[in-house]
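To keep things clear, I will list the structure first and then write my remarks on it.
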Amino acid sequence: MEATSTQVRTGTIPPVVAARWALWTFVIVNLVIVEALFLTAGTGKNGVLTVAKFFGLHAAVLMLFQLLLVARLPWLDRRIGMDRLTVWHRWVGFTLLWTILTHAVLVVLGYARLDDASMTKTFFALAGVPASLLGMGAAAIIVVVAAVSARNVRRRLRYETWHGLHLLLYLALGLAFVHQLQETTTFSYSTPAMLYWWALWLFAFGALVTGRIVMPLWRNAYHRFEVTAVVLESDDVVSVHVTGRHLDRLPARAGQFCIWRFPGHNHWWLANPFSLSAAPDGRTLRLTAKAVGSTSAGLRHVPVGSRAFVEGPYGAFTSLHRTRPGALLIAGGVGITPVRALLEEEPAGDVVVLYRARSEDDAVLVDEVRTLVADRGGRLHLLTGRTGEGSPPFEPDSLLALVPDMTERDVYVCGPPAMTSTVLSTLRTLKVPPRQVHAERFGLA
């Protein structure tokens with residue numbers, strides 16, 4: 001059963017917990033199978049090469065797990081959230097890097113000992129073997145992508161540059177697949193091993209292609225999204241209204257976001273994740289964005305009647321995860337957009353909204369939020385002022401003074417990274433149960 005604001009989940013496993021159990025069960029089962037294949041495949045030509053094979057097998061499993069984490073599978077995304085899946089993808093990626101480097105060094109060392117030669121001479125000798133050369137190519141690409149994904153380097157790169165380099169990982173995966181295919185001791189030494197590896201690779205690649213290519217193309221061909229209105233909310237905020245065919249069949253929920261492209265207006269690779277700023281009604285979708293970059297600033301110039309290419313909806317910032325009748329919605333800046341959408345799902349009852357903005361003039365959609373809160377008999381606290389001015393509104397004492405019963409509520413948090421981190425830290429200090437805290441930090445990188 002999916003919980004909504006009027007259906008609070010009680011006595012069942014939370015969706016995020018169920019999804020994590022399913023994901024980690026999948027990983028553990030495959031690791032057990034790989035361990036069994038390793039133990040039954042026999043040893044290598046010496047002890048070092050045997051250990052190298054061990055790391056190589058686990059590198060293959062990590063690669064396939066990486067594909068699943070970014071395949072945007074709806075069941076996982078709606079329960080765990082793209083933000084958490086992306087963080088896991090990042091850390092698994094660095095684990096994969098060190099696993100591959102260990103495998104490569106041990107292979108060279110193992111053959112150097114076997115041939116009683118230097119590692120340099122052995123390296124170049126292995127480079128002349130097609131199977132080894134393919135593995136070296138895959139490893140080199142992964143090293144380059146890992147280097148540009150380090151935080152200090154990533155911050156200096158444009159998203160488009162980083163994303164273009166990141167796409168090379170698909171080439172690395174192809175090289176790694178052929179490399180493993182040619183390594184008969186690990187891929188096809190027995191019929192069960194061959195069937196297992198083919199099934200795993202096909203499942204991972206199939207999930208990726210379905211989630212990232214087939215599903216978006218099918219949905220856009222089916223719904224034929226079109227811009228119906230562009231509304232200037234303020235000098236630097238714009239709302240874009242999009243309609244399409246059969247939108248009542250689009251599985252979108254308040255609080256989710258889509259990745260939006262407007263062909264003919266921007267380059268194809270210029271896309272942004274924008275939250276739905278109104279609850280989907282089966283007829284239209286609305287995004288509201290603040291001009292913080294070239295893509296979002298240009299939304300005001302999108303022609304009415306033009307096509308839109310929409311990926312999604314994505315995200316776990318929804319009422320699916322509700323556990324309590326009362327709700328506390330905390331937003332900062334343009335982070336009010338998914339909160340405003342969630343308000344439309346709230347029945348008349350116990351809802352409190354804390355909205356942080358520099359001034360009332362900077363408070364995006366504040367009039368709509370005020371009306372929705374009033375209609376539901378809730379409370380709105382507009383917390384204005386610059387960071388560092390006055391008493392910090394999200395320190396434990398301040399937050400507790402505003403909402404004394406917050407431990408009895410579901411708490412939704414969306415805003416700038418610094419604000420979100422501060423609020424989450426305060427909620428931990430105040431001992432708000434983790435299952436009642438819902439936050440999403442979405443981004444494409």
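Chains: A, B, ... in order of the structure tokens. Residues: from 1 per chain. Ligands: from 1, in order shown.
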
All strand (DSSP E or B) positions in segment 290-323 of chain A, as a ChimeraX atom specification: /A:290,307,309-314

Distance query Val209 of chain A at most 12 Å, only C-alpha atoms, self and fewer than 4 positions along chain excluded, as a VMD selection string: chain A and resid 67 to 68 70 to 73 170 202 to 205 213 to 217

Leu23 of chain A surroundings by only C-alpha atoms, 10 Å radius, close-in-sequence under 3 positions cut, as a PyMOL selection string: chain A and resi 17-20+26-28+65+68-69+76

Print the selection's residues with C-alpha atoms to a file, as a JSON list (two decimals), in the first residue's frame.
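File produced: result-v7.json:
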[["chain", "number", "residue", "atom", "x", "y", "z"],
["A", 17, "VAL", "CA", 13.98, 0.16, 4.27],
["A", 18, "ALA", "CA", 12.36, -2.43, 1.99],
["A", 19, "ALA", "CA", 14.21, -1.02, -1.02],
["A", 20, "ARG", "CA", 17.54, -1.02, 0.79],
["A", 26, "PHE", "CA", 20.87, -8.55, -4.46],
["A", 27, "VAL", "CA", 24.48, -7.50, -3.83],
["A", 28, "ILE", "CA", 25.14, -10.13, -1.15],
["A", 65, "PHE", "CA", 26.20, -2.66, -9.40],
["A", 68, "LEU", "CA", 21.97, -0.47, -11.44],
["A", 69, "LEU", "CA", 22.54, 2.54, -9.18],
["A", 76, "LEU", "CA", 14.26, 2.08, -6.33]]

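Nearest residue to Gly335 of chain A, choosing from A:Arg441, A:Arg379, A:Arg84, A:His179 and counting only C-alpha atoms: A:Arg441.
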
Per residue of segment 212-234 of chain A within 12 Å of segment 244-247 of chain A, which atom pair is closest and at what distance in Å (one decimal), using only C-alpha atoms, listed by chain and increasing number, as CSV?
residue,atom,partner,partner_atom,distance
A:Arg219,CA,A:Leu247,CA,10.1
A:Asn220,CA,A:Gly244,CA,9.1
A:Ala221,CA,A:Arg245,CA,9.7
A:Tyr222,CA,A:Arg245,CA,7.2
A:His223,CA,A:Arg245,CA,4.5
A:Arg224,CA,A:Gly244,CA,5.3
A:Phe225,CA,A:Gly244,CA,4.4
A:Glu226,CA,A:Gly244,CA,6.0
A:Val227,CA,A:Gly244,CA,8.8
A:Thr228,CA,A:Gly244,CA,9.5

Computed interatomic separation between atom CA of Val310 of chain A and atom CA of Ile330 of chain A (Å): 27.0 Å

Counting only C-alpha atoms, the residue of A:Cys258, A:Val153, A:Ala199, A:Leu382 that sits nearest Ser359 of chain A: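 Closest residue, counting only C-alpha atoms: A:Leu382.
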
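Note that the spacing between atom CA of Gln182 of chain A and atom CA of Pro130 of chain A amounts to 8.8 Å.
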
d(atom CA of Pro325 of chain A, atom CA of Glu345 of chain A) in Å: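 Between atom CA of Pro325 of chain A and atom CA of Glu345 of chain A the gap works out to 12.6 Å.
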
Among segment 148-311 of chain A, which residues does DSSP mark as alpha helix (DSSP H) when it is run on the backbone? Keep the chain and numbering as in the structure and answer as a PDB file with C-alpha atoms, in the first residue's frame.
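Dumped to out-v5.pdb:
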ATOM      1  CA  VAL A 148      37.915  14.485 -12.737  1.00  0.00           C
ATOM      2  CA  SER A 149      35.247  13.380 -10.242  1.00  0.00           C
ATOM      3  CA  ARG A 151      35.640  17.200  -5.499  1.00  0.00           C
ATOM      4  CA  ASN A 152      38.406  19.782  -5.962  1.00  0.00           C
ATOM      5  CA  VAL A 153      38.644  19.023  -9.697  1.00  0.00           C
ATOM      6  CA  ARG A 154      34.900  18.644 -10.251  1.00  0.00           C
ATOM      7  CA  TYR A 159      28.892  20.310 -15.793  1.00  0.00           C
ATOM      8  CA  GLU A 160      28.848  19.684 -19.566  1.00  0.00           C
ATOM      9  CA  THR A 161      32.616  18.968 -19.586  1.00  0.00           C
ATOM     10  CA  TRP A 162      32.383  16.651 -16.587  1.00  0.00           C
ATOM     11  CA  HIS A 163      29.362  14.868 -18.019  1.00  0.00           C
ATOM     12  CA  GLY A 164      31.046  14.350 -21.389  1.00  0.00           C
ATOM     13  CA  LEU A 165      34.065  12.755 -19.727  1.00  0.00           C
ATOM     14  CA  HIS A 166      31.796  10.690 -17.482  1.00  0.00           C
ATOM     15  CA  LEU A 168      33.446   7.520 -21.366  1.00  0.00           C
ATOM     16  CA  LEU A 169      32.597   5.056 -18.604  1.00  0.00           C
ATOM     17  CA  TYR A 170      30.215   3.322 -20.992  1.00  0.00           C
ATOM     18  CA  LEU A 171      33.174   2.706 -23.301  1.00  0.00           C
ATOM     19  CA  ALA A 172      35.103   1.385 -20.290  1.00  0.00           C
ATOM     20  CA  LEU A 173      32.248  -0.990 -19.481  1.00  0.00           C
ATOM     21  CA  GLY A 174      32.249  -2.291 -23.041  1.00  0.00           C
ATOM     22  CA  LEU A 175      35.997  -2.859 -22.959  1.00  0.00           C
ATOM     23  CA  ALA A 176      35.735  -4.551 -19.563  1.00  0.00           C
ATOM     24  CA  PHE A 177      32.984  -6.856 -20.850  1.00  0.00           C
ATOM     25  CA  VAL A 178      35.042  -8.016 -23.827  1.00  0.00           C
ATOM     26  CA  HIS A 179      38.099  -8.315 -21.564  1.00  0.00           C
ATOM     27  CA  GLN A 180      36.187 -10.625 -19.227  1.00  0.00           C
ATOM     28  CA  LEU A 181      34.705 -12.514 -22.175  1.00  0.00           C
ATOM     29  CA  GLN A 182      38.189 -13.390 -23.401  1.00  0.00           C
ATOM     30  CA  THR A 191      28.467 -23.684 -18.295  1.00  0.00           C
ATOM     31  CA  PRO A 192      27.018 -22.382 -14.965  1.00  0.00           C
ATOM     32  CA  ALA A 193      29.679 -19.653 -14.811  1.00  0.00           C
ATOM     33  CA  MET A 194      29.025 -18.579 -18.391  1.00  0.00           C
ATOM     34  CA  LEU A 195      25.242 -18.508 -17.863  1.00  0.00           C
ATOM     35  CA  TYR A 196      25.623 -16.513 -14.649  1.00  0.00           C
ATOM     36  CA  TRP A 197      27.874 -13.828 -16.138  1.00  0.00           C
ATOM     37  CA  TRP A 198      25.793 -13.464 -19.302  1.00  0.00           C
ATOM     38  CA  ALA A 199      22.612 -13.144 -17.212  1.00  0.00           C
ATOM     39  CA  LEU A 200      24.164 -10.564 -14.897  1.00  0.00           C
ATOM     40  CA  TRP A 201      25.604  -8.399 -17.692  1.00  0.00           C
ATOM     41  CA  LEU A 202      22.369  -8.550 -19.698  1.00  0.00           C
ATOM     42  CA  PHE A 203      20.287  -7.675 -16.630  1.00  0.00           C
ATOM     43  CA  ALA A 204      22.481  -4.685 -15.696  1.00  0.00           C
ATOM     44  CA  PHE A 205      22.767  -3.326 -19.232  1.00  0.00           C
ATOM     45  CA  GLY A 206      19.079  -4.007 -19.847  1.00  0.00           C
ATOM     46  CA  ALA A 207      18.106  -2.054 -16.724  1.00  0.00           C
ATOM     47  CA  LEU A 208      20.325   0.860 -17.753  1.00  0.00           C
ATOM     48  CA  VAL A 209      19.082   1.015 -21.339  1.00  0.00           C
ATOM     49  CA  MET A 215      11.466   4.678 -20.926  1.00  0.00           C
ATOM     50  CA  PRO A 216      12.163   8.424 -21.518  1.00  0.00           C
ATOM     51  CA  LEU A 217      11.780   8.041 -25.289  1.00  0.00           C
ATOM     52  CA  TRP A 218       8.558   6.052 -24.917  1.00  0.00           C
ATOM     53  CA  ARG A 219       7.028   8.477 -22.422  1.00  0.00           C
ATOM     54  CA  ASN A 220       7.805  11.510 -24.567  1.00  0.00           C
ATOM     55  CA  ALA A 221       6.432   9.837 -27.696  1.00  0.00           C
ATOM     56  CA  TYR A 222       3.305   8.819 -25.783  1.00  0.00           C
ATOM     57  CA  HIS A 223       2.609  12.033 -23.860  1.00  0.00           C
ATOM     58  CA  SER A 294      22.199  30.010 -18.262  1.00  0.00           C
ATOM     59  CA  THR A 295      19.627  27.222 -18.600  1.00  0.00           C
ATOM     60  CA  SER A 296      17.290  28.353 -15.817  1.00  0.00           C
ATOM     61  CA  ALA A 297      17.687  32.038 -16.740  1.00  0.00           C
TER      62      ALA A 297
END

Neighbour list for Val129 of chain A as a list of chain:residue names, cut-off 12 Å, only C-alpha atoms, skip fewer than 5 positions in-chain: A:Thr122, A:Phe123, A:Phe124, A:Leu134, A:Gly135, A:Met136, A:His179, A:Gln182, A:Glu183

Contacts of Ile259 of chain A within 7 Å, only C-alpha atoms, excl. fewer than 4 positions in-chain, as a list of chain:residue names: A:Ala271, A:Asn272, A:Pro273, A:Phe274, A:Val310, A:Glu311, A:Gly312

Nearby residues (only C-alpha atoms) at most 7 Å from Gly315 of chain A, same-chain spacing under 3 positions excluded, as a PyMOL selection string: chain A and resi 77-78+81-82+256-257

Nearest-residue call for Val144 of chain A, choices A:Val87, A:Val304, A:Leu97, A:Ala327, using only C-alpha atoms: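 Ranking A:Val87, A:Val304, A:Leu97, A:Ala327 by distance to Val144 of chain A, first place goes to A:Leu97.
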
Residue with smallest distance to Leu109 of chain A - pool A:Leu299, A:Leu157, A:Val51, A:Ile142, counting only C-alpha atoms: A:Val51

Distance criterion (only C-alpha atoms): nearest to Glu440 of chain A out of A:Pro396, A:Gly298, A:Pro15, A:Gly255: A:Gly255

Among the residues A:Leu276, A:Arg113, A:Gly264, A:Ala131, the one that comes closest to Tyr314 of chain A [using only C-alpha atoms]: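 With only C-alpha atoms as the atom set, the closest residue is A:Leu276.
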